[in-house]
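Here's the structure we're looking at; comments come further down.
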Amino acid sequence: MTETAIAEHGLIGDLQTAALVTTDGSIDWFCHPRFDSPSVFGALLDDERGGRFRIRPAGGWTSTQVYYPDTAVLITRFCGADGIGEVVDFMPPLDTAATTTHRIARLVRCVRGRIAFDVLVAPRFDYGRRPHQAILAGHGAVFVAREMSLVLHVVREPGDEHLAEARVEAGDVHVRLSLSAGQVRGLVLETDAAKPPRDIRLAEFTELFDSTVDWWRGWLAKSTYRGRWREMVARSAITLKLLTYAPTGGLVAAPTLGLPEQIGGSRNWDYRYTWVRDASFSVSALLGIGFTEEAARFGSWLGDRIREGDGAASGPLSVLYRVDGTTDLREESLAHWSGYRGSSPVRIGNDAAGQVQLDIYGEALDSVFAVESAGFGLPHRGWVAVRAVLDWLGEHWDQPEEGIWETRGGRQCFTYGRMMSWVAFDRGIRLARTRGRPAPVEDWTWQRDSIYDQILNRGWHRTRHAFVQHYTGDELDAALLRMPRSGFLPSRDPLWLSTLDAIETDLVTDSLVYRYDPAASPDGLAGDEGTFSLCSFAYVDALARAGRLEDARSAFEKMLTYANHVGLYAEEIAPTGEQLGNFPQAFTHLALIDAAVTLDAALG
């Protein structure tokens, strides 16, 4: 058996953690109790040692997968020789109180004919490093690995004993469910050892399903987007919500780790954390379609991080945080795992947390400004923290850094980092002037204008007729596609339009956009990568703002064809069209929303 393709997955979650479900009915990724906790099922990264929770027909079959409309409830339908059946997967949403109790609910139904489902529950605790025991108990099972445990409950009615056959082999539980047309049963895997296995009646399970559907539909009804691409925007909004850790409001970059940017390569990172940049970008995307509460929640999370800043060498903000706001992110490798299709090392933690990335201050202040402009007041303590950030930035913006793409080949004076430093001061000035906040506005204005002049003098390459990646080279950088959105230059300024033309020549291939060229601009890492889907949607946004609406619409429609079967995107797209990188990626989905809103408004 080999790892299922990255794109052959759907996502379910309960707003504190999430699981990936393959098109053959296997949960091959699930971390407990949080997004950034060790995995319980990890076959996605090691088919033999990772563990899985699989439900699929016993004989030959074909399958399709779809989301229940306007929800995060996933349906995998199987067509076999003797019948049609389906597995309906969901995790009941949790409130904002952090918990170690999570439920994965798996409804099993025979739609037509007869069908026998084989169930395999094979956990591998702590990334497969902790042995466990499996014990059949009543009509369920318990999996115990010291202080960690799982409980398997069975959905059944009185007299159903003949429908299920269970056994334990090498710590794994195998169950056979034989159903005929109209019969519905299921399993609930719960991360609470205090609750013994029990029979769950179908009426109770149906109520759990209905309440989950109602919750998601009620949440999505808050969307104000009524444009041309409602289905894709709605799916992206649901995906961003699934990637939000409800107790804090922090948004993880992706629920996975180790999925490669190049098959067999070493560009394999752990994305299960909250990047200031990614989450800040999400504020404008969510506000743009009416989800003000989510934007405000992240604003509160960000405010806490700003107030906690200690002025360290890397800055008052860390580049990324754990979902609870802590910064213990030491990077290490799981040497016992083979990696997705042999892509190693498999890393947990992320050393990028200690880098200097100046752009995060512009993104953070831009999101604070957006949330405040949406009517959520900035408290005094928040304003004091903003001033402290800008005081630090005033002394440190004119230095080399690692940049937005977290390069490991040495620091540079990145044009994008300078541009976002300009944004930080610009938004601080606006907050001070529009709200009468006390601030050294004259100093901030001088800093802002100095950055502007420096970018025009050193970031603009007179031979390339474009703004370049950093001051010492002539390479281009797709991050600068956000220049008109930032307000640094008007969207139809000749300098920007010339830069857009240059990016198209060097980095765009039939609507797909590379971040930069690693061969021309070494980043300290071996190997290559695919096109970056965030940049591809940012390209659509830039085209629309430049008035090239036909080009923008064509590029957007092409990008939609690269979504997987349920509308999800990974980080990158390979030359073969295969999805690469961690999945699904928040960056991509928020950029899709931004592009859809901008393009729809431009089309009228």
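Chain lettering (A, B, ...) mirrors the order of the structure tokens, residue numbering begins at 1 for each chain separately, and ligand numbering begins at 1 in order of display.
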Checklist entry - Using the chain letters and numbers from this document, which residues of stretch 6-94 of chain A does DSSP assign to strand (DSSP E or B), as a PyMOL selection string? => result chain A and resi 9-13+18-22+26-31+39-41+52-57+61-67+74-80+83-90
What lies within 12 Å of A:Asp278 using only C-alpha atoms, ignoring chain neighbours under 2 positions off, as a PDB file with N, CA and C atoms, in the first residue's frame?
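For reference, out_22.pdb as written:
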```pdb
ATOM      1  N   LEU A 240     -11.307  27.882   6.177  1.00  0.00           N
ATOM      2  CA  LEU A 240     -10.635  28.784   7.119  1.00  0.00           C
ATOM      3  C   LEU A 240     -11.196  28.623   8.521  1.00  0.00           C
ATOM      4  N   LEU A 243      -9.799  25.637  10.180  1.00  0.00           N
ATOM      5  CA  LEU A 243      -8.401  25.794  10.561  1.00  0.00           C
ATOM      6  C   LEU A 243      -8.215  26.787  11.707  1.00  0.00           C
ATOM      7  N   THR A 244      -9.313  27.233  12.294  1.00  0.00           N
ATOM      8  CA  THR A 244      -9.255  28.188  13.404  1.00  0.00           C
ATOM      9  C   THR A 244      -9.369  27.454  14.742  1.00  0.00           C
ATOM     10  N   GLY A 250      -6.787  31.821  16.998  1.00  0.00           N
ATOM     11  CA  GLY A 250      -5.641  31.688  16.104  1.00  0.00           C
ATOM     12  C   GLY A 250      -5.954  30.756  14.939  1.00  0.00           C
ATOM     13  N   LEU A 251      -5.416  31.083  13.776  1.00  0.00           N
ATOM     14  CA  LEU A 251      -5.657  30.306  12.559  1.00  0.00           C
ATOM     15  C   LEU A 251      -4.374  29.576  12.183  1.00  0.00           C
ATOM     16  N   VAL A 252      -4.416  28.240  12.059  1.00  0.00           N
ATOM     17  CA  VAL A 252      -3.216  27.510  11.659  1.00  0.00           C
ATOM     18  C   VAL A 252      -3.025  27.618  10.147  1.00  0.00           C
ATOM     19  N   ALA A 253      -1.771  27.573   9.721  1.00  0.00           N
ATOM     20  CA  ALA A 253      -1.478  27.679   8.293  1.00  0.00           C
ATOM     21  C   ALA A 253      -2.002  26.469   7.544  1.00  0.00           C
ATOM     22  N   ALA A 254      -1.979  25.313   8.168  1.00  0.00           N
ATOM     23  CA  ALA A 254      -2.509  24.061   7.608  1.00  0.00           C
ATOM     24  C   ALA A 254      -2.603  23.070   8.761  1.00  0.00           C
ATOM     25  N   TYR A 271       3.357  22.921   9.416  1.00  0.00           N
ATOM     26  CA  TYR A 271       2.539  24.129   9.254  1.00  0.00           C
ATOM     27  C   TYR A 271       1.396  24.220  10.254  1.00  0.00           C
ATOM     28  N   ARG A 272       1.429  23.430  11.321  1.00  0.00           N
ATOM     29  CA  ARG A 272       0.278  23.365  12.234  1.00  0.00           C
ATOM     30  C   ARG A 272       0.302  24.473  13.292  1.00  0.00           C
ATOM     31  N   TYR A 273       0.748  25.649  12.892  1.00  0.00           N
ATOM     32  CA  TYR A 273       0.901  26.760  13.819  1.00  0.00           C
ATOM     33  C   TYR A 273       0.261  28.020  13.239  1.00  0.00           C
ATOM     34  N   THR A 274       0.198  29.029  14.064  1.00  0.00           N
ATOM     35  CA  THR A 274      -0.402  30.297  13.639  1.00  0.00           C
ATOM     36  C   THR A 274       0.701  31.270  13.247  1.00  0.00           C
ATOM     37  N   TRP A 275       0.821  31.514  11.957  1.00  0.00           N
ATOM     38  CA  TRP A 275       1.733  32.535  11.449  1.00  0.00           C
ATOM     39  C   TRP A 275       1.036  33.894  11.552  1.00  0.00           C
ATOM     40  N   VAL A 276       1.746  34.884  12.040  1.00  0.00           N
ATOM     41  CA  VAL A 276       1.183  36.231  12.104  1.00  0.00           C
ATOM     42  C   VAL A 276       0.756  36.680  10.719  1.00  0.00           C
ATOM     43  N   SER A 280      -3.094  37.211   9.648  1.00  0.00           N
ATOM     44  CA  SER A 280      -3.423  38.619   9.391  1.00  0.00           C
ATOM     45  C   SER A 280      -4.081  38.771   8.026  1.00  0.00           C
ATOM     46  N   PHE A 281      -3.565  38.073   7.034  1.00  0.00           N
ATOM     47  CA  PHE A 281      -4.199  38.094   5.716  1.00  0.00           C
ATOM     48  C   PHE A 281      -5.657  37.643   5.799  1.00  0.00           C
ATOM     49  N   SER A 282      -5.925  36.690   6.694  1.00  0.00           N
ATOM     50  CA  SER A 282      -7.283  36.150   6.787  1.00  0.00           C
ATOM     51  C   SER A 282      -8.280  37.201   7.258  1.00  0.00           C
ATOM     52  N   VAL A 283      -7.800  38.215   7.980  1.00  0.00           N
ATOM     53  CA  VAL A 283      -8.709  39.240   8.496  1.00  0.00           C
ATOM     54  C   VAL A 283      -9.418  39.950   7.355  1.00  0.00           C
ATOM     55  N   SER A 284      -8.663  40.410   6.351  1.00  0.00           N
ATOM     56  CA  SER A 284      -9.298  41.119   5.237  1.00  0.00           C
ATOM     57  C   SER A 284     -10.201  40.189   4.445  1.00  0.00           C
ATOM     58  N   ALA A 285      -9.776  38.916   4.294  1.00  0.00           N
ATOM     59  CA  ALA A 285     -10.598  37.964   3.552  1.00  0.00           C
ATOM     60  C   ALA A 285     -11.929  37.732   4.260  1.00  0.00           C
ATOM     61  N   PHE A 298      -9.486  37.010  15.879  1.00  0.00           N
ATOM     62  CA  PHE A 298      -8.060  36.993  15.581  1.00  0.00           C
ATOM     63  C   PHE A 298      -7.411  38.303  15.998  1.00  0.00           C
ATOM     64  N   LEU A 302      -4.123  38.531  18.161  1.00  0.00           N
ATOM     65  CA  LEU A 302      -2.948  39.287  17.755  1.00  0.00           C
ATOM     66  C   LEU A 302      -2.602  40.346  18.788  1.00  0.00           C
ATOM     67  N   VAL A 319       7.451  35.202  14.481  1.00  0.00           N
ATOM     68  CA  VAL A 319       6.894  34.933  13.152  1.00  0.00           C
ATOM     69  C   VAL A 319       5.684  34.009  13.261  1.00  0.00           C
ATOM     70  N   LEU A 320       5.751  33.039  14.156  1.00  0.00           N
ATOM     71  CA  LEU A 320       4.664  32.092  14.324  1.00  0.00           C
ATOM     72  C   LEU A 320       4.588  31.651  15.770  1.00  0.00           C
ATOM     73  N   TYR A 321       3.420  31.090  16.112  1.00  0.00           N
ATOM     74  CA  TYR A 321       3.128  30.672  17.475  1.00  0.00           C
ATOM     75  C   TYR A 321       2.376  29.346  17.465  1.00  0.00           C
ATOM     76  N   ASP A 359       8.137  41.880   7.326  1.00  0.00           N
ATOM     77  CA  ASP A 359       6.812  42.103   6.737  1.00  0.00           C
ATOM     78  C   ASP A 359       5.685  41.835   7.715  1.00  0.00           C
ATOM     79  N   ILE A 360       5.913  40.992   8.743  1.00  0.00           N
ATOM     80  CA  ILE A 360       4.817  40.633   9.647  1.00  0.00           C
ATOM     81  C   ILE A 360       4.274  41.849  10.388  1.00  0.00           C
ATOM     82  N   GLU A 363       1.692  43.455   8.098  1.00  0.00           N
ATOM     83  CA  GLU A 363       0.484  42.638   8.027  1.00  0.00           C
ATOM     84  C   GLU A 363      -0.309  42.716   9.338  1.00  0.00           C
ATOM     85  N   ALA A 364       0.420  42.703  10.454  1.00  0.00           N
ATOM     86  CA  ALA A 364      -0.259  42.792  11.749  1.00  0.00           C
ATOM     87  C   ALA A 364      -0.965  44.131  11.914  1.00  0.00           C
ATOM     88  N   SER A 367      -4.058  44.439   9.735  1.00  0.00           N
ATOM     89  CA  SER A 367      -5.227  43.732  10.254  1.00  0.00           C
ATOM     90  C   SER A 367      -5.817  44.453  11.458  1.00  0.00           C
ATOM     91  N   ILE A 404       9.569  37.039   3.666  1.00  0.00           N
ATOM     92  CA  ILE A 404       8.273  36.360   3.701  1.00  0.00           C
ATOM     93  C   ILE A 404       8.383  34.869   3.409  1.00  0.00           C
ATOM     94  N   TRP A 405       9.336  34.475   2.566  1.00  0.00           N
ATOM     95  CA  TRP A 405       9.419  33.062   2.173  1.00  0.00           C
ATOM     96  C   TRP A 405      10.329  32.256   3.088  1.00  0.00           C
ATOM     97  N   LEU A 534      -1.134  30.683  -3.459  1.00  0.00           N
ATOM     98  CA  LEU A 534      -1.392  32.025  -2.929  1.00  0.00           C
ATOM     99  C   LEU A 534      -1.028  33.072  -3.974  1.00  0.00           C
ATOM    100  N   GLN A 585      -4.306  24.455   2.675  1.00  0.00           N
ATOM    101  CA  GLN A 585      -3.531  25.578   3.157  1.00  0.00           C
ATOM    102  C   GLN A 585      -4.391  26.832   3.272  1.00  0.00           C
ATOM    103  N   ALA A 586      -4.365  27.433   4.448  1.00  0.00           N
ATOM    104  CA  ALA A 586      -5.158  28.636   4.687  1.00  0.00           C
ATOM    105  C   ALA A 586      -4.777  29.759   3.730  1.00  0.00           C
ATOM    106  N   PHE A 587      -3.480  29.937   3.500  1.00  0.00           N
ATOM    107  CA  PHE A 587      -2.985  30.968   2.589  1.00  0.00           C
ATOM    108  C   PHE A 587      -3.739  30.940   1.251  1.00  0.00           C
ATOM    109  N   THR A 588      -3.847  29.749   0.681  1.00  0.00           N
ATOM    110  CA  THR A 588      -4.477  29.615  -0.630  1.00  0.00           C
ATOM    111  C   THR A 588      -5.947  29.991  -0.568  1.00  0.00           C
ATOM    112  N   HIS A 589      -6.645  29.521   0.444  1.00  0.00           N
ATOM    113  CA  HIS A 589      -8.090  29.747   0.511  1.00  0.00           C
ATOM    114  C   HIS A 589      -8.427  31.202   0.828  1.00  0.00           C
ATOM    115  N   LEU A 590      -7.630  31.864   1.645  1.00  0.00           N
ATOM    116  CA  LEU A 590      -7.911  33.281   1.902  1.00  0.00           C
ATOM    117  C   LEU A 590      -7.604  34.116   0.657  1.00  0.00           C
ATOM    118  N   ALA A 591      -6.572  33.711  -0.106  1.00  0.00           N
ATOM    119  CA  ALA A 591      -6.255  34.432  -1.336  1.00  0.00           C
ATOM    120  C   ALA A 591      -7.335  34.223  -2.384  1.00  0.00           C
TER     121      ALA A 591
END
```
List every residue of stretch 466-584 of chain A that has an atom at most 7 Å from any atom of stretch 455-462 of chain A, giving for each one its closest atom pair and the distance in Å to one decimal, counting only C-alpha atoms, sorted by chain and then by ascending residue number, as a tab-separated table.
```
residue	atom	partner	partner_atom	distance
A:Ala466	CA	A:His461	CA	5.5
A:Phe467	CA	A:Trp460	CA	4.3
A:Val468	CA	A:Gly459	CA	5.8
A:His470	CA	A:Gly459	CA	6.5
A:Tyr471	CA	A:Gly459	CA	5.4
A:Asp474	CA	A:His461	CA	6.7
```
Item to check | Atom pair atom CA of A:Glu294 / atom CA of A:Arg34: separation (Å) | outcome: 18.9 Å
Item to check | Selection: 7 Å around A:Ile429, only C-alpha atoms, excl. self and same-chain fewer than 4 positions, as JSON, numbers by chain | outcome: {"A": [425, 433, 441, 444]}
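Neighbouring residues of A:Ser338 at 10 Å or closer, counting only C-alpha atoms and skipping chain neighbours under 2 positions away, are Leu45, Asp46, Asp47, Glu48, Arg49, Gly50, Leu334, Ala335, His336, Tyr340, Arg341, Gly342, Ser343, Ser344, Pro345 and Val346 of chain A.
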Checklist entry - atom CA of A:Leu378 and atom CA of A:Leu365, how far apart in Å? => result 11.7 Å
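Distances to A:Gly85 were evaluated for A:Tyr416, A:Phe53, A:Tyr361, A:Trp61 using only C-alpha atoms, and the minimum falls at A:Trp61.
Closest approach to A:Asp118 from the set A:Ser421, A:Ser498, A:Ser26, A:Ser63 is made by A:Ser26, with distances taken over only C-alpha atoms.
You can rank A:Thr101, A:Ile263, A:Asp493, A:Arg228 by their closest distance to A:Leu603 using only C-alpha atoms, and at the top of that list sits A:Arg228.
In this structure, atom CA of A:Glu308 sits 27.9 Å away from atom CA of A:Gly410.
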Checklist entry - When DSSP works through the backbone of this structure, what residues of stretch 91-136 of chain A end up as alpha helix (DSSP H), shown as a ChimeraX atom specification? => result /A:125-128
Item to check | All residues 8 Å or closer to stretch 565-575 of chain A, only C-alpha atoms, same chain fewer than 3 positions away omitted, as a ChimeraX atom specification | outcome: /A:6-8,10,65-67,232,235-236,239,261-262,529-534,562,578-585,587-589
Those residues you just picked out, can you put them in a file as a PDB file, in the first residue's frame with C-alpha atoms?
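File out-v4.pdb, as written:
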```
ATOM      1  CA  ILE A   6      -2.517  14.727  -1.245  1.00  0.00           C
ATOM      2  CA  ALA A   7      -5.512  15.897  -3.286  1.00  0.00           C
ATOM      3  CA  GLU A   8      -7.473  12.718  -2.570  1.00  0.00           C
ATOM      4  CA  GLY A  10     -11.446  15.862   2.450  1.00  0.00           C
ATOM      5  CA  GLN A  65     -16.532  12.113  -2.236  1.00  0.00           C
ATOM      6  CA  VAL A  66     -18.570  15.258  -1.632  1.00  0.00           C
ATOM      7  CA  TYR A  67     -19.440  17.629   1.186  1.00  0.00           C
ATOM      8  CA  MET A 232     -15.933  28.169  -3.992  1.00  0.00           C
ATOM      9  CA  ARG A 235     -15.954  26.271   0.734  1.00  0.00           C
ATOM     10  CA  SER A 236     -12.902  28.436   1.334  1.00  0.00           C
ATOM     11  CA  THR A 239     -12.017  25.692   5.366  1.00  0.00           C
ATOM     12  CA  GLU A 261       6.962  20.963  -1.965  1.00  0.00           C
ATOM     13  CA  GLN A 262       8.805  18.517  -4.225  1.00  0.00           C
ATOM     14  CA  GLU A 529       9.172  23.530  -5.815  1.00  0.00           C
ATOM     15  CA  GLY A 530       5.876  23.938  -7.618  1.00  0.00           C
ATOM     16  CA  THR A 531       3.901  27.072  -8.331  1.00  0.00           C
ATOM     17  CA  PHE A 532       2.539  28.765  -5.231  1.00  0.00           C
ATOM     18  CA  SER A 533      -1.251  28.978  -5.217  1.00  0.00           C
ATOM     19  CA  LEU A 534      -1.392  32.025  -2.929  1.00  0.00           C
ATOM     20  CA  TYR A 562      -6.789  22.949  -9.834  1.00  0.00           C
ATOM     21  CA  GLU A 578      -0.546  17.473  -8.779  1.00  0.00           C
ATOM     22  CA  GLN A 579      -1.159  19.280  -5.488  1.00  0.00           C
ATOM     23  CA  LEU A 580       1.945  19.635  -3.323  1.00  0.00           C
ATOM     24  CA  GLY A 581       2.717  20.910   0.161  1.00  0.00           C
ATOM     25  CA  ASN A 582       0.667  20.996   3.322  1.00  0.00           C
ATOM     26  CA  PHE A 583      -3.051  20.548   2.871  1.00  0.00           C
ATOM     27  CA  PRO A 584      -5.399  22.303   2.893  1.00  0.00           C
ATOM     28  CA  GLN A 585      -3.531  25.578   3.157  1.00  0.00           C
ATOM     29  CA  PHE A 587      -2.985  30.968   2.589  1.00  0.00           C
ATOM     30  CA  THR A 588      -4.477  29.615  -0.630  1.00  0.00           C
ATOM     31  CA  HIS A 589      -8.090  29.747   0.511  1.00  0.00           C
TER      32      HIS A 589
END
```
Checklist outcome for this item: Using only C-alpha atoms, the best pick from A:Asp199, A:Glu504, A:Asp449, A:Asp28 as closest to A:Phe488 would be A:Asp449
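Every protein, DNA or RNA residue with an atom at most 12 Å from A:Gly377, where only C-alpha atoms count and chain neighbours fewer than 2 positions away do not, is listed here: Ala296, Gly299, Ser300, Gly303, Val368, Phe369, Ala370, Val371, Glu372, Ser373, Ala374, Gly375, Pro379, His380, Arg381, Gly382, Trp383, Leu431 and Arg435 of chain A.
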Would you export the selected residues with N, CA and C atoms as a short mmCIF file (atom, residue, chain, number, x, y, z; two decimals), in the first residue's frame, please?
```cif
data_model
loop_
_atom_site.label_atom_id
_atom_site.label_comp_id
_atom_site.auth_asym_id
_atom_site.auth_seq_id
_atom_site.Cartn_x
_atom_site.Cartn_y
_atom_site.Cartn_z
N ALA A 296 -12.53 39.69 14.38
CA ALA A 296 -12.33 40.32 15.68
C ALA A 296 -11.63 39.37 16.65
N GLY A 299 -8.12 39.42 15.82
CA GLY A 299 -7.58 40.69 16.27
C GLY A 299 -7.25 40.65 17.75
N SER A 300 -8.10 40.01 18.53
CA SER A 300 -7.85 39.88 19.96
C SER A 300 -6.63 38.99 20.21
N GLY A 303 -3.63 41.02 19.33
CA GLY A 303 -3.38 42.02 20.37
C GLY A 303 -2.65 41.43 21.57
N VAL A 368 -4.97 45.03 12.31
CA VAL A 368 -5.49 45.83 13.44
C VAL A 368 -6.30 47.00 12.90
N PHE A 369 -5.77 47.67 11.87
CA PHE A 369 -6.48 48.80 11.27
C PHE A 369 -7.81 48.35 10.66
N ALA A 370 -7.81 47.19 9.99
CA ALA A 370 -9.04 46.69 9.36
C ALA A 370 -10.10 46.35 10.40
N VAL A 371 -9.68 45.69 11.48
CA VAL A 371 -10.64 45.32 12.52
C VAL A 371 -11.19 46.57 13.21
N GLU A 372 -10.31 47.53 13.48
CA GLU A 372 -10.76 48.77 14.12
C GLU A 372 -11.71 49.54 13.19
N SER A 373 -11.41 49.55 11.89
CA SER A 373 -12.26 50.24 10.93
C SER A 373 -13.61 49.56 10.78
N ALA A 374 -13.67 48.26 11.10
CA ALA A 374 -14.93 47.52 11.01
C ALA A 374 -15.83 47.76 12.22
N GLY A 375 -15.36 48.58 13.15
CA GLY A 375 -16.20 48.94 14.29
C GLY A 375 -15.81 48.30 15.60
N PRO A 379 -8.60 48.98 22.28
CA PRO A 379 -8.50 49.49 23.66
C PRO A 379 -7.16 50.18 23.89
N HIS A 380 -7.11 50.91 24.99
CA HIS A 380 -5.90 51.68 25.29
C HIS A 380 -4.67 50.79 25.35
N ARG A 381 -4.78 49.63 26.03
CA ARG A 381 -3.63 48.73 26.13
C ARG A 381 -3.18 48.29 24.74
N GLY A 382 -4.14 48.11 23.84
CA GLY A 382 -3.80 47.73 22.48
C GLY A 382 -3.03 48.82 21.77
N TRP A 383 -3.47 50.06 21.97
CA TRP A 383 -2.78 51.17 21.32
C TRP A 383 -1.37 51.35 21.88
N LEU A 431 -4.42 55.31 12.24
CA LEU A 431 -5.10 55.04 13.50
C LEU A 431 -4.97 56.24 14.45
N ARG A 435 -8.48 58.57 15.07
CA ARG A 435 -9.05 58.32 16.39
C ARG A 435 -8.48 59.23 17.47
#
```
